[in-house]
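Have a look at structure_25.txt below; it lists compact mmCIF, C-alpha atoms and all ligand atoms.
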```
# COMPACT_ATOMS: atom_id res chain seq x y z
CA MET A 4 -25.03 5.18 34.86
CA ASP A 5 -21.88 5.86 32.87
CA ARG A 6 -21.78 3.43 29.94
CA LEU A 7 -18.05 2.95 30.49
CA PRO A 8 -17.19 2.13 34.09
CA ASP A 9 -13.82 3.08 35.63
CA GLY A 10 -11.15 0.68 34.40
CA TYR A 11 -13.26 -0.42 31.44
CA HIS A 12 -12.03 -3.02 28.96
CA ALA A 13 -12.37 -2.21 25.24
CA LEU A 14 -11.77 -4.34 22.16
CA ILE A 15 -11.05 -2.69 18.81
CA ILE A 16 -11.26 -4.87 15.72
CA GLY A 17 -9.37 -3.47 12.73
CA GLY A 18 -6.89 -1.33 14.69
CA ASN A 19 -4.77 -0.55 11.64
CA GLY A 20 -7.62 1.02 9.67
CA GLY A 21 -7.97 4.82 9.61
CA ILE A 22 -10.96 4.95 11.96
CA GLY A 23 -9.90 1.95 14.08
CA ARG A 24 -6.51 3.52 14.85
CA ALA A 25 -8.09 6.88 15.75
CA VAL A 26 -10.45 5.12 18.20
CA VAL A 27 -7.49 3.33 19.84
CA ASP A 28 -5.60 6.65 20.19
CA ARG A 29 -8.64 8.27 21.77
CA LEU A 30 -9.10 5.40 24.23
CA LEU A 31 -5.42 5.53 25.24
CA ALA A 32 -5.87 9.24 26.03
CA ASP A 33 -8.71 8.38 28.45
CA PRO A 34 -7.44 7.99 32.02
CA ARG A 35 -10.48 5.85 32.86
CA LEU A 36 -9.53 3.14 30.36
CA GLY A 37 -8.37 -0.06 32.05
CA ARG A 38 -7.27 -2.06 29.04
CA VAL A 39 -7.70 -2.02 25.28
CA THR A 40 -7.25 -5.14 23.18
CA VAL A 41 -6.53 -4.35 19.53
CA VAL A 42 -6.87 -6.88 16.72
CA SER A 43 -5.25 -6.31 13.34
CA ARG A 44 -4.04 -8.37 10.41
CA ILE A 45 -0.60 -6.77 10.46
CA PRO A 46 1.23 -5.96 13.73
CA PHE A 47 -0.12 -2.95 15.62
CA GLU A 48 2.85 -0.66 16.31
CA THR A 49 1.66 1.58 19.19
CA PHE A 50 2.99 0.56 22.61
CA SER A 51 1.23 1.13 25.94
CA SER A 52 1.07 -0.87 29.15
CA ARG A 53 -2.74 -0.66 28.82
CA LEU A 54 -2.75 -2.06 25.28
CA GLU A 55 -2.69 -5.68 24.22
CA ALA A 56 -2.14 -6.18 20.49
CA ILE A 57 -3.35 -9.38 18.87
CA GLU A 58 -2.38 -10.24 15.33
CA GLY A 59 -5.07 -12.12 13.44
CA ASP A 60 -7.66 -12.07 10.72
CA VAL A 61 -11.12 -12.09 12.29
CA THR A 62 -12.72 -12.75 8.91
CA THR A 63 -11.56 -16.38 9.39
CA PRO A 64 -12.86 -18.95 11.93
CA GLN A 65 -9.25 -19.46 13.17
CA GLY A 66 -8.77 -15.72 13.73
CA ARG A 67 -12.00 -15.48 15.73
CA ALA A 68 -11.14 -18.60 17.79
CA GLU A 69 -7.68 -17.20 18.64
CA LEU A 70 -9.21 -13.91 19.70
CA GLY A 71 -11.69 -15.74 21.94
CA ARG A 72 -8.82 -17.63 23.62
CA ALA A 73 -6.76 -14.45 24.07
CA LEU A 74 -9.65 -12.74 25.85
CA HIS A 75 -9.83 -15.31 28.65
CA GLY A 76 -8.30 -14.42 32.03
CA PRO A 77 -5.63 -16.44 33.86
CA GLY A 78 -8.20 -18.78 35.46
CA GLY A 79 -9.78 -19.41 32.07
CA HIS A 80 -12.77 -17.15 32.83
CA ALA A 81 -14.22 -14.89 30.13
CA VAL A 82 -13.13 -11.28 30.70
CA PRO A 83 -16.18 -8.95 30.50
CA LEU A 84 -15.95 -6.45 27.65
CA HIS A 85 -17.50 -3.01 28.13
CA LEU A 86 -16.88 -1.70 24.61
CA VAL A 87 -16.36 -3.45 21.29
CA VAL A 88 -15.73 -1.42 18.14
CA ASN A 89 -15.72 -3.28 14.84
CA ALA A 90 -13.86 -0.96 12.45
CA ILE A 91 -13.21 -3.33 9.58
CA GLY A 92 -14.85 -2.89 6.23
CA LEU A 93 -14.22 -3.32 2.54
CA LEU A 94 -15.21 -1.08 -0.39
CA HIS A 95 -12.44 -1.63 -2.92
CA ASP A 96 -9.46 -3.93 -3.20
CA ASP A 97 -7.13 -3.38 -6.16
CA ALA A 98 -5.23 -6.62 -5.52
CA ASN A 99 -8.43 -8.63 -5.97
CA ASN A 100 -9.88 -6.40 -8.67
CA ILE A 101 -12.79 -5.26 -6.48
CA GLN A 102 -14.22 -1.81 -7.23
CA PRO A 103 -17.65 -0.34 -6.43
CA GLU A 104 -20.00 -1.11 -9.32
CA LYS A 105 -21.40 1.73 -11.45
CA ARG A 106 -23.85 -0.40 -13.44
CA LEU A 107 -25.38 -3.89 -13.51
CA GLU A 108 -22.77 -5.02 -16.06
CA ASP A 109 -20.10 -4.52 -13.37
CA LEU A 110 -21.66 -7.02 -10.93
CA ASP A 111 -19.32 -9.89 -10.10
CA GLU A 112 -20.30 -12.87 -7.99
CA ALA A 113 -16.92 -13.24 -6.26
CA ALA A 114 -16.80 -9.53 -5.35
CA LEU A 115 -20.38 -9.64 -4.02
CA MET A 116 -19.54 -12.66 -1.86
CA GLU A 117 -16.33 -11.07 -0.56
CA LEU A 118 -18.03 -7.85 0.49
CA PHE A 119 -20.82 -9.78 2.20
CA ARG A 120 -18.19 -11.92 3.98
CA VAL A 121 -16.16 -8.97 5.30
CA ASN A 122 -18.87 -6.34 5.83
CA ALA A 123 -21.86 -8.43 6.97
CA ALA A 124 -20.99 -11.99 8.02
CA THR A 125 -17.81 -11.12 9.93
CA PRO A 126 -19.35 -8.53 12.32
CA ALA A 127 -22.14 -11.00 13.22
CA LEU A 128 -19.72 -13.91 13.66
CA MET A 129 -17.54 -11.64 15.81
CA ILE A 130 -20.47 -11.08 18.17
CA GLN A 131 -21.00 -14.85 18.23
CA ALA A 132 -17.33 -15.39 19.15
CA LEU A 133 -17.48 -12.68 21.82
CA LEU A 134 -20.72 -13.85 23.48
CA PRO A 135 -19.04 -15.10 26.69
CA HIS A 136 -17.60 -11.57 27.13
CA LEU A 137 -20.83 -9.74 26.35
CA LYS A 138 -23.42 -11.69 28.31
CA GLY A 139 -24.00 -11.06 32.01
CA SER A 140 -25.14 -7.87 33.70
CA HIS A 141 -22.30 -5.41 32.99
CA PRO A 142 -22.82 -2.41 30.65
CA THR A 143 -21.53 -3.44 27.24
CA THR A 144 -21.70 -1.49 23.98
CA VAL A 145 -20.92 -2.94 20.57
CA VAL A 146 -20.40 -0.38 17.80
CA SER A 147 -20.08 -1.80 14.31
CA LEU A 148 -19.07 0.48 11.45
CA SER A 149 -21.78 0.66 8.82
CA ALA A 150 -22.41 3.27 6.09
CA ARG A 151 -25.33 5.50 5.18
CA VAL A 152 -25.33 3.98 1.69
CA GLY A 153 -26.55 0.78 3.41
CA SER A 154 -29.85 2.57 4.08
CA ILE A 155 -32.49 1.23 1.67
CA GLY A 156 -34.77 4.21 2.35
CA ASP A 157 -31.96 6.68 1.63
CA ASN A 158 -30.85 5.08 -1.66
CA GLY A 159 -31.59 7.73 -4.26
CA LEU A 160 -28.43 7.40 -6.35
CA GLY A 161 -27.97 3.67 -7.03
CA GLY A 162 -24.59 2.11 -7.82
CA TRP A 163 -22.15 0.53 -5.34
CA TYR A 164 -24.34 -2.61 -5.27
CA ALA A 165 -22.15 -4.91 -3.18
CA TYR A 166 -21.14 -2.29 -0.61
CA ARG A 167 -24.69 -0.95 -0.19
CA ALA A 168 -26.23 -4.41 0.09
CA SER A 169 -23.55 -5.78 2.43
CA LYS A 170 -24.02 -2.82 4.78
CA ALA A 171 -27.83 -3.25 4.65
CA ALA A 172 -27.30 -6.92 5.59
CA HIS A 173 -24.86 -5.78 8.30
CA ASN A 174 -27.54 -3.56 9.81
CA MET A 175 -30.12 -6.37 9.84
CA LEU A 176 -27.64 -8.75 11.48
CA MET A 177 -26.77 -6.15 14.15
CA LYS A 178 -30.44 -5.39 14.83
CA THR A 179 -31.20 -9.10 15.20
CA ALA A 180 -28.18 -9.70 17.45
CA ALA A 181 -29.24 -6.70 19.56
CA ILE A 182 -32.61 -8.36 20.27
CA GLU A 183 -30.99 -11.62 21.38
CA LEU A 184 -28.24 -9.90 23.38
CA LYS A 185 -30.83 -7.94 25.34
CA ARG A 186 -32.01 -11.27 26.76
CA LEU A 187 -28.45 -12.31 27.61
CA ASN A 188 -27.45 -8.96 29.09
CA PRO A 189 -30.10 -6.29 29.82
CA GLN A 190 -27.28 -3.71 29.90
CA SER A 191 -26.18 -4.42 26.32
CA CYS A 192 -26.36 -1.95 23.45
CA VAL A 193 -25.54 -2.79 19.81
CA LEU A 194 -25.20 0.15 17.43
CA SER A 195 -24.60 0.41 13.67
CA PHE A 196 -22.59 3.59 13.06
CA HIS A 197 -22.15 5.74 9.94
CA PRO A 198 -18.97 7.80 10.36
CA GLY A 199 -19.57 10.25 7.51
CA THR A 200 -17.04 10.47 4.69
CA THR A 201 -13.76 10.10 6.51
CA ASP A 202 -10.23 10.57 5.21
CA SER A 203 -8.90 6.99 5.07
CA SER A 204 -7.64 4.50 2.51
CA LEU A 205 -11.23 3.29 2.02
CA SER A 206 -12.54 6.69 0.85
CA ARG A 207 -9.36 8.09 -0.76
CA PRO A 208 -10.19 7.18 -4.39
CA PHE A 209 -13.66 8.77 -4.02
CA GLN A 210 -12.81 12.03 -2.22
CA ALA A 211 -12.48 14.31 -5.29
CA ARG A 212 -16.12 15.45 -5.27
CA VAL A 213 -16.48 15.62 -1.48
CA PRO A 214 -16.55 19.25 -0.23
CA ALA A 215 -13.68 19.92 2.22
CA ASN A 216 -16.09 20.57 5.11
CA LYS A 217 -17.78 17.19 4.50
CA LEU A 218 -14.55 15.18 4.64
CA PHE A 219 -13.90 14.32 8.28
CA THR A 220 -10.63 13.41 9.95
CA ALA A 221 -10.55 9.98 11.57
CA ASP A 222 -9.82 11.72 14.87
CA PHE A 223 -13.05 13.76 14.67
CA VAL A 224 -15.03 10.61 13.84
CA ALA A 225 -13.49 8.74 16.78
CA GLU A 226 -14.55 11.59 19.07
CA GLN A 227 -18.12 11.47 17.70
CA LEU A 228 -18.23 7.68 18.05
CA MET A 229 -17.15 7.84 21.69
CA SER A 230 -19.68 10.57 22.39
CA MET A 231 -22.42 8.33 20.90
CA VAL A 232 -21.26 5.43 23.09
CA GLN A 233 -21.78 7.57 26.21
CA GLN A 234 -25.16 8.91 25.07
CA ARG A 235 -26.77 5.70 23.80
CA GLY A 236 -27.86 2.78 25.96
CA PRO A 237 -30.02 -0.37 26.05
CA ALA A 238 -33.12 1.55 24.91
CA ASP A 239 -31.31 2.41 21.65
CA SER A 240 -29.93 -1.07 21.02
CA GLY A 241 -30.26 -2.25 17.42
CA GLY A 242 -30.29 1.31 16.07
CA PHE A 243 -28.48 2.86 13.12
CA PHE A 244 -26.92 6.25 13.89
CA ASP A 245 -24.66 8.71 12.13
CA TRP A 246 -21.64 10.70 13.32
CA ALA A 247 -23.96 13.44 14.65
CA ASN A 248 -25.77 10.78 16.75
CA GLU A 249 -28.89 11.09 14.57
CA ALA A 250 -30.92 8.03 13.55
CA ILE A 251 -30.69 6.96 9.90
CA PRO A 252 -33.74 5.43 8.17
CA TRP A 253 -33.47 1.74 7.34
N1 LIG B 301 -13.96 6.21 5.35
C1 LIG B 301 -15.23 6.49 5.04
O1 LIG B 301 -15.52 7.50 4.37
C2 LIG B 301 -16.33 5.57 5.50
C3 LIG B 301 -17.66 5.97 5.23
C4 LIG B 301 -18.69 5.13 5.64
C5 LIG B 301 -18.41 3.97 6.32
N2 LIG B 301 -17.11 3.61 6.56
C6 LIG B 301 -16.85 2.35 7.26
O2 LIG B 301 -15.97 2.56 8.35
C7 LIG B 301 -15.20 1.38 8.58
C8 LIG B 301 -13.73 1.72 8.72
O3 LIG B 301 -13.25 2.19 7.48
P1 LIG B 301 -11.95 3.14 7.35
O4 LIG B 301 -12.42 4.39 6.73
O5 LIG B 301 -11.20 3.19 8.62
O6 LIG B 301 -11.18 2.32 6.22
P2 LIG B 301 -9.70 1.70 6.19
O7 LIG B 301 -8.70 2.67 6.68
O8 LIG B 301 -9.55 1.17 4.80
O9 LIG B 301 -9.79 0.49 7.21
C9 LIG B 301 -10.47 -0.69 6.88
C10 LIG B 301 -10.25 -1.76 7.93
O10 LIG B 301 -10.87 -2.96 7.45
C11 LIG B 301 -9.92 -4.02 7.43
N3 LIG B 301 -10.15 -4.86 6.26
C12 LIG B 301 -10.39 -4.47 4.98
N4 LIG B 301 -10.53 -5.54 4.19
C13 LIG B 301 -10.36 -6.62 4.96
C14 LIG B 301 -10.37 -8.02 4.72
N5 LIG B 301 -10.57 -8.52 3.49
N6 LIG B 301 -10.15 -8.84 5.75
C15 LIG B 301 -9.93 -8.35 6.99
N7 LIG B 301 -9.89 -7.04 7.29
C16 LIG B 301 -10.11 -6.19 6.28
C17 LIG B 301 -8.57 -3.33 7.31
O11 LIG B 301 -7.58 -4.19 7.82
P3 LIG B 301 -6.04 -4.02 7.38
O12 LIG B 301 -5.56 -2.75 8.03
O13 LIG B 301 -5.40 -5.25 7.90
O14 LIG B 301 -6.08 -3.94 5.86
C18 LIG B 301 -8.78 -2.09 8.17
O15 LIG B 301 -8.62 -2.43 9.53
C19 LIG B 301 -15.56 0.42 7.44
O16 LIG B 301 -16.53 -0.51 7.89
C20 LIG B 301 -16.18 1.32 6.40
O17 LIG B 301 -17.10 0.62 5.57
C21 LIG B 301 -16.08 4.39 6.18
```
In structure tokens, how does this file's structure come out?
Ligand SMILES: NC(=O)c1ccc[n+]([C@@H]2O[C@H](COP(=O)([O-])OP(=O)(O)OC[C@H]3O[C@@H](n4cnc5c(N)ncnc54)[C@H](OP(=O)(O)O)[C@@H]3O)[C@@H](O)[C@H]2O)c1
Amino acid sequence: MDRLPDGYHALIIGGNGGIGRAVVDRLLADPRLGRVTVVSRIPFETFSSRLEAIEGDVTTPQGRAELGRALHGPGGHAVPLHLVVNAIGLLHDDANNIQPEKRLEDLDEAALMELFRVNAATPALMIQALLPHLKGSHPTTVVSLSARVGSIGDNGLGGWYAYRASKAAHNMLMKTAAIELKRLNPQSCVLSFHPGTTDSSLSRPFQARVPANKLFTADFVAEQLMSMVQQRGPADSGGFFDWANEAIPW
């Protein structure tokens, strides 16, 4: 069965990010898309009759509650979602003096907490808020953006403590949610996705030593993500995959 039925409904969280926006553009180019709901902290500018833009911060309980309300149909019933892409994530934030740590002396409690809040807690709480739209018997795929540096087995370099650890926690939360969701919808599939180094504001300060052929465009990554969505199903739920659709060690 096609993972995305005709007229499918997608939800993209973080539509103004580099990868989030590219996924929205790709969905709007798909004639089989029924509707895409896009959530962003600042207004989403693209217009389409098939796009509903919701302004809100899903890292807050209010933002998640508003999103839940917006996703209910006219009769108050929960609209089934066939695809959810969580494209938010935090590596550095100049305004709040957050930078990836090079050494133990750089560790900062507030920065650690903030990265865990945005990168790990929020994706899990999003799934909690979206449960009425995910449970049932319809095919539903949740892709949450992770990072290879969140792999404990693959950590040969060290550094980037908060980002690495928050993405490792993200992966555990997604794997655990995948197990529960399987009971609530046998057609569900939850995937943690590493996009590869992608040209966006998140990676820009760290691109200098990335070879040109290893720096992907957001459009390429969106294409790879959508190809993974079509190829992966309930049997793969809870897995951690990269842009080439290959499994990454935990
Ligand atoms: N780019 C890469 O090389 C790379 C590599 C591995 C993994 N990833 C992962 O891919 C995902 C997407 O990243 P990207 O490359 O598209 O980066 P991006 O362009 O910087 O987008 C980041 C997204 O996260 C949201 N965000 C950041 N901090 C937030 C906060 N405190 N509260 C709420 N929302 C916040 C941003 O919202 P606003 O637009 O409202 O700021 C934006 O939607 C992230 O999870 C990232 O960790 C990226």
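Using only C-alpha atoms and all ligand atoms for every distance, the candidate list A:Val82, A:Leu148, A:Leu36, A:Leu74 yields A:Leu148 as the residue closest to ligand LIG 301 (chain B).
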Legend entry - Neighbour residues at most 7 Å from (-9.3, -1.7, 32.5) (all atoms listed in the file) as a VMD selection string: chain A and resid 10 to 12 36 to 38
Inset, instruction - Could you report the residues within 9 Å of ligand LIG 301 (chain B), using all atoms listed in the file, as a ChimeraX atom specification? - result: /A:16-25,42-46,59-63,89-96,117-118,120-122,125,147-152,166,170,196-207,209-210,218-219,221
Inset, instruction - Find the spatial neighbours of A:Ile251, counting only C-alpha atoms, within a cut-off of 8 Å - ignore same-chain residues fewer than 3 positions away - and output them as JSON, numbers by chain. - result: {"A": [151, 154, 243, 244, 245]}
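Relative to atom CA of A:Asp157, atom CA of A:Phe223 is found at 24.0 Å.
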Determine, counting only C-alpha atoms, which protein, DNA and RNA residues have an atom within 12 Å of an atom of A:Glu226; residues of the same chain fewer than 5 positions away are not included. Present the result as a PDB file with C-alpha atoms, in the coordinates of the input.
```pdb
ATOM      1  CA  ILE A  22     -10.960   4.950  11.960  1.00  0.00           C
ATOM      2  CA  GLY A  23      -9.900   1.950  14.080  1.00  0.00           C
ATOM      3  CA  ALA A  25      -8.090   6.880  15.750  1.00  0.00           C
ATOM      4  CA  VAL A  26     -10.450   5.120  18.200  1.00  0.00           C
ATOM      5  CA  VAL A  27      -7.490   3.330  19.840  1.00  0.00           C
ATOM      6  CA  ASP A  28      -5.600   6.650  20.190  1.00  0.00           C
ATOM      7  CA  ARG A  29      -8.640   8.270  21.770  1.00  0.00           C
ATOM      8  CA  LEU A  30      -9.100   5.400  24.230  1.00  0.00           C
ATOM      9  CA  ALA A  32      -5.870   9.240  26.030  1.00  0.00           C
ATOM     10  CA  ASP A  33      -8.710   8.380  28.450  1.00  0.00           C
ATOM     11  CA  PRO A 198     -18.970   7.800  10.360  1.00  0.00           C
ATOM     12  CA  PHE A 219     -13.900  14.320   8.280  1.00  0.00           C
ATOM     13  CA  THR A 220     -10.630  13.410   9.950  1.00  0.00           C
ATOM     14  CA  ALA A 221     -10.550   9.980  11.570  1.00  0.00           C
ATOM     15  CA  MET A 231     -22.420   8.330  20.900  1.00  0.00           C
ATOM     16  CA  VAL A 232     -21.260   5.430  23.090  1.00  0.00           C
ATOM     17  CA  GLN A 233     -21.780   7.570  26.210  1.00  0.00           C
ATOM     18  CA  TRP A 246     -21.640  10.700  13.320  1.00  0.00           C
ATOM     19  CA  ALA A 247     -23.960  13.440  14.650  1.00  0.00           C
ATOM     20  CA  ASN A 248     -25.770  10.780  16.750  1.00  0.00           C
TER      21      ASN A 248
END
```
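Neighbours of A:His141 closer than or equal to 7 Å, with all atoms listed in the file counted and sequence neighbours fewer than 2 positions away skipped, come out as Gly139, Thr143 and Gln190 of chain A.
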Inset, instruction - Pick out the residues sitting within 12 Å of A:His80, and hand them over as a ChimeraX atom specification; count only C-alpha atoms, and ignore anything fewer than 6 positions along from it in its own chain. - result: /A:71-74,135-136
Writing out the chosen residues with C-alpha atoms as a compact mmCIF listing (two decimals), keeping the file's coordinate frame:
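Result went into result.txt, see below:
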```txt
# COMPACT_ATOMS: atom_id res chain seq x y z
CA GLY A 71 -11.69 -15.74 21.94
CA ARG A 72 -8.82 -17.63 23.62
CA ALA A 73 -6.76 -14.45 24.07
CA LEU A 74 -9.65 -12.74 25.85
CA PRO A 135 -19.04 -15.10 26.69
CA HIS A 136 -17.60 -11.57 27.13
```
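If you look at atom CA of A:Leu54 and atom CA of A:Thr40, they are 5.8 Å away from each other.
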Inset, instruction - Between A:Gly159, A:Leu133, A:Ala225, A:Glu108, single out the one closest to A:Glu69, counting only C-alpha atoms. - result: A:Leu133
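Interatomic distance, atom CA of A:Gly162 to atom CA of A:Arg106: 6.2 Å.
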Legend entry - Shell around stretch 193-195 of chain A at 8 Å using all atoms listed in the file, local window under 5 positions removed, as a VMD selection string: chain A and resid 144 to 149 174 177 to 178 180 to 181 239 to 244
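Across A:Ala250, A:Leu115, A:Ile101, A:Ala81, the tightest approach to A:Ala168 is made by A:Leu115 when counting all atoms listed in the file.
The nearest approach to A:Gly161 among the residues A:Pro83, A:Lys217, A:Leu107, A:Pro208, with all atoms listed in the file taken into account, belongs to A:Leu107.
Closest approach to A:Met229 among A:Leu86, A:Glu58, A:Ala68, A:Pro34: A:Leu86, based on all atoms listed in the file.
With distances restricted to all atoms listed in the file, A:Ala165 is the closest residue to A:Glu112 from A:Ala165, A:Leu31, A:Pro189, A:Thr49.
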Calculate, to one decimal in Å, the centre and edge lengths of the box along x, y and z of the file that holds all listed atoms of stretch 101-109 of chain A with 5 Å of margin on each side, and present them as JSON.
```
{"center_x": -19.1, "center_y": -1.8, "center_z": -11.2, "size_x": 22.6, "size_y": 17.0, "size_z": 19.6}
```
Missing atoms in stretch 6-22 of chain A should be modelled up to N, CA and C atoms and reported as a compact mmCIF listing (two decimals), in the frame of the given file.
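Dumped everything to part-v2.txt:
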```
# COMPACT_ATOMS: atom_id res chain seq x y z
N ARG A 6 -21.86 4.65 30.76
CA ARG A 6 -21.78 3.43 29.94
C ARG A 6 -20.42 2.76 30.07
N LEU A 7 -19.39 3.54 30.37
CA LEU A 7 -18.05 2.95 30.49
C LEU A 7 -17.57 3.10 31.92
N PRO A 8 -17.59 2.02 32.69
CA PRO A 8 -17.19 2.13 34.09
C PRO A 8 -15.69 2.40 34.22
N ASP A 9 -15.26 2.87 35.39
CA ASP A 9 -13.82 3.08 35.63
C ASP A 9 -13.08 1.78 35.36
N GLY A 10 -11.96 1.87 34.69
CA GLY A 10 -11.15 0.68 34.40
C GLY A 10 -11.75 -0.20 33.33
N TYR A 11 -12.56 0.38 32.45
CA TYR A 11 -13.26 -0.42 31.44
C TYR A 11 -12.30 -1.12 30.47
N HIS A 12 -12.81 -2.22 29.93
CA HIS A 12 -12.03 -3.02 28.96
C HIS A 12 -12.67 -2.87 27.59
N ALA A 13 -11.88 -2.41 26.62
CA ALA A 13 -12.37 -2.21 25.24
C ALA A 13 -11.65 -3.15 24.29
N LEU A 14 -12.36 -3.51 23.23
CA LEU A 14 -11.77 -4.34 22.16
C LEU A 14 -12.00 -3.60 20.84
N ILE A 15 -10.93 -3.36 20.11
CA ILE A 15 -11.05 -2.69 18.81
C ILE A 15 -10.63 -3.68 17.73
N ILE A 16 -11.52 -3.93 16.81
CA ILE A 16 -11.26 -4.87 15.72
C ILE A 16 -10.96 -4.06 14.46
N GLY A 17 -9.78 -4.27 13.90
CA GLY A 17 -9.37 -3.47 12.73
C GLY A 17 -8.59 -2.25 13.17
N GLY A 18 -7.64 -2.46 14.09
CA GLY A 18 -6.89 -1.33 14.69
C GLY A 18 -5.97 -0.62 13.72
N ASN A 19 -5.66 -1.22 12.59
CA ASN A 19 -4.77 -0.55 11.64
C ASN A 19 -5.52 0.24 10.57
N GLY A 20 -6.84 0.21 10.60
CA GLY A 20 -7.62 1.02 9.67
C GLY A 20 -7.60 2.47 10.14
N GLY A 21 -7.99 3.40 9.25
CA GLY A 21 -7.97 4.82 9.61
C GLY A 21 -8.81 5.10 10.84
N ILE A 22 -10.06 4.65 10.83
CA ILE A 22 -10.96 4.95 11.96
C ILE A 22 -10.60 4.10 13.18
```
